[in-house]
Amino acid sequence: MARPGDDPLGAADLDGLVAVLALLDGDAGAADDAGRVDQLDALERVKAACAAAQVRITARFVDSQATVAEDHRARAAERSAANDFEGWRAKRELARRSEFEPVSLDPRAVRAAGARRRGTFDRAGIAAQVGLARHESPARGARLATIALSLSRDLPHTLAALGEGLLVERRAELVARLTSHLDRDQRGEVDAEVIGGAGAAVRTWGDRELEQRIRACADRIDAAAAVARARTAESERRVTLRPIPDTMAIVSAVLPVREAVAVHAALTRAADRAKGEGDDRSRGQVMADTLVDRVVRSVAATTASGEAPPDQLADEPADVPVEVQIVITDRALLAGADTPAHIPGYGPVPAGWARELLTRSLADDVIAAGSPPRPGAPPPHRAHERAKVWLRRLYTHPHTGALVAMESKRRLFPPGLRRLIIARDGTCRTPWCDAPIRHVDHVRAHRTGGTTSERNGQGLCVRCNLVKEQAGWHARVTDPGHSSGSEQPHAVTLTTPTGHRHTTAAPPVLPGTASTRSDSPLESHLAHLLAS
């Protein structure tokens, strides 16, 4: 392994370091618990030093690609001088593909730049390569590359503190994000005053203290911008949804403080009133149920003219016209099998929970007839609130749960085939990208003979689909999946401009299928006849 003064560590040397660290088990190199704590502290500094090295390497990679882009631009100028339009256009396109366009680390600016999305993705190849190398999504790769440039160019004290183990990677990213709205000189001033001025004391700061110090310094240096940001903050109000385990989800609302306090106060009063009347639900349950009643069902009751009947708002919630797709086996739905169901965009859910959801209107009739509800359950829905249920058949491989094939002669994927591929892939097929599927794409381009089929289709997010079409990127089907008789799931290998290959396989649409399936008597009889 290289030592100070030797040539820089290569990938093989770093692999050796990984192998050494893999041997640490709490006994090697530590005689007692004090030694183990020392190892933990040293390893945290090693992690920080590795993060600092990744920052420097990422910045150097981006700068190197910028040099390549400049060379392409020079060649484009030569082609233009020679009146070679096609050559000029090709070289200009290569230059754009080799450039990196930093993304905003400020969430407000990210949302405001939505109209510039396509131009950003034209220069997203560098970010995608960084994301793949770091086992992150392309969007995260863009943020990491932007942070690397900020730390290496504008925040030298923060980068030095990261390399010395005084800051962990998360806090270095926090500094970059909290100063991203400042210009380069202002960022350097904040970096020198807060991080450089604190020295080793920064090691003892938590996230909140670090954030408060950075914000205070930044607001003082650019006071006018701080006031303007506060005035325009109301335009950033929004509502988001994030799934969590056990068939639940978190709905978050970013509101002006007075409206946020008013909403919480109204829900609190409703909970106090319900508890005073003897409701056996907890305060939190009452607040959650009241939120659903006053938002979802009240909105659904609004008439086409924009007016909601007061009596219906108060006492008669209307149907909630929302589609929730559930993929479930016929045995789990009709015969009580335990194979988990699947909700696209959420993931696996217990089969019993899915059956309960699909048949809840029947249970509501039982409750309405006088049976006691389970403790803490939401109030029973009225009869006209029952969900409308449609059943659509999807056929899966008998042992792995992967969806079977469909094919079309059309260039665009027809709705049925599109739904099948989205259900098969779940999320974007690019490794480590968990973004929702927005495009169903031909792995082999249709213009080069690629078929519009399940075998040649994959679900991608917008960013990954546009990056895949850039020069130097190649994708191919390395396993056609069960639709062609393979025992392995559908697999696609993506090759980056630097020659690195990344393979991803489609997950089973019902992960529990393989371990829970048993052949029916008819299937067993047919198998016996075929074997005899």
# chains A, B, ... in the order shown; residues from 1 in each chain; ligands from 1
>>> residues_around(residues="Val175 (chain A)", least_positions_apart="6", cutoff="9 Å", atoms="only C-alpha atoms", output="list of chain:residue names")
A:Leu151, A:Leu155, A:Thr158, A:Asp191, A:Leu210, A:Glu211, A:Ile214
>>> write_last_selection(atoms="N, CA, C and O atoms", output="JSON list (two decimals), in the first residue's frame")
[["chain", "number", "residue", "atom", "x", "y", "z"],
["A", 151, "LEU", "N", -17.44, 22.83, -2.41],
["A", 151, "LEU", "CA", -16.46, 22.65, -1.35],
["A", 151, "LEU", "C", -15.03, 22.88, -1.85],
["A", 151, "LEU", "O", -14.22, 23.51, -1.17],
["A", 155, "LEU", "N", -15.30, 26.71, -0.53],
["A", 155, "LEU", "CA", -15.36, 26.46, 0.91],
["A", 155, "LEU", "C", -14.13, 25.67, 1.36],
["A", 155, "LEU", "O", -14.24, 24.53, 1.84],
["A", 158, "THR", "N", -14.10, 24.39, 5.09],
["A", 158, "THR", "CA", -15.01, 23.27, 5.32],
["A", 158, "THR", "C", -14.43, 21.98, 4.77],
["A", 158, "THR", "O", -14.51, 20.93, 5.41],
["A", 191, "ASP", "N", -17.45, 30.84, 5.08],
["A", 191, "ASP", "CA", -16.60, 29.68, 5.36],
["A", 191, "ASP", "C", -15.43, 30.06, 6.26],
["A", 191, "ASP", "O", -15.13, 29.37, 7.23],
["A", 210, "LEU", "N", -24.57, 24.20, 14.08],
["A", 210, "LEU", "CA", -23.88, 24.55, 12.85],
["A", 210, "LEU", "C", -24.80, 25.34, 11.93],
["A", 210, "LEU", "O", -24.40, 26.37, 11.35],
["A", 211, "GLU", "N", -26.04, 24.88, 11.79],
["A", 211, "GLU", "CA", -26.98, 25.57, 10.91],
["A", 211, "GLU", "C", -27.26, 26.98, 11.41],
["A", 211, "GLU", "O", -27.31, 27.93, 10.62],
["A", 214, "ILE", "N", -24.22, 29.23, 10.62],
["A", 214, "ILE", "CA", -24.09, 29.52, 9.20],
["A", 214, "ILE", "C", -25.18, 30.49, 8.76],
["A", 214, "ILE", "O", -24.93, 31.46, 8.03]]
>>> select_by_dssp(residues="region 47-180 of chain A", states="alpha helix (DSSP H)", output="ChimeraX atom specification")
/A:47-81,85-97,107-112,117-122,125-133,138-153,156-163,169-178
>>> closest_residue(among="A:Arg56, A:Arg36, A:Arg501, A:Arg418", to="Ala160 (chain A)", atoms="only C-alpha atoms")
A:Arg56
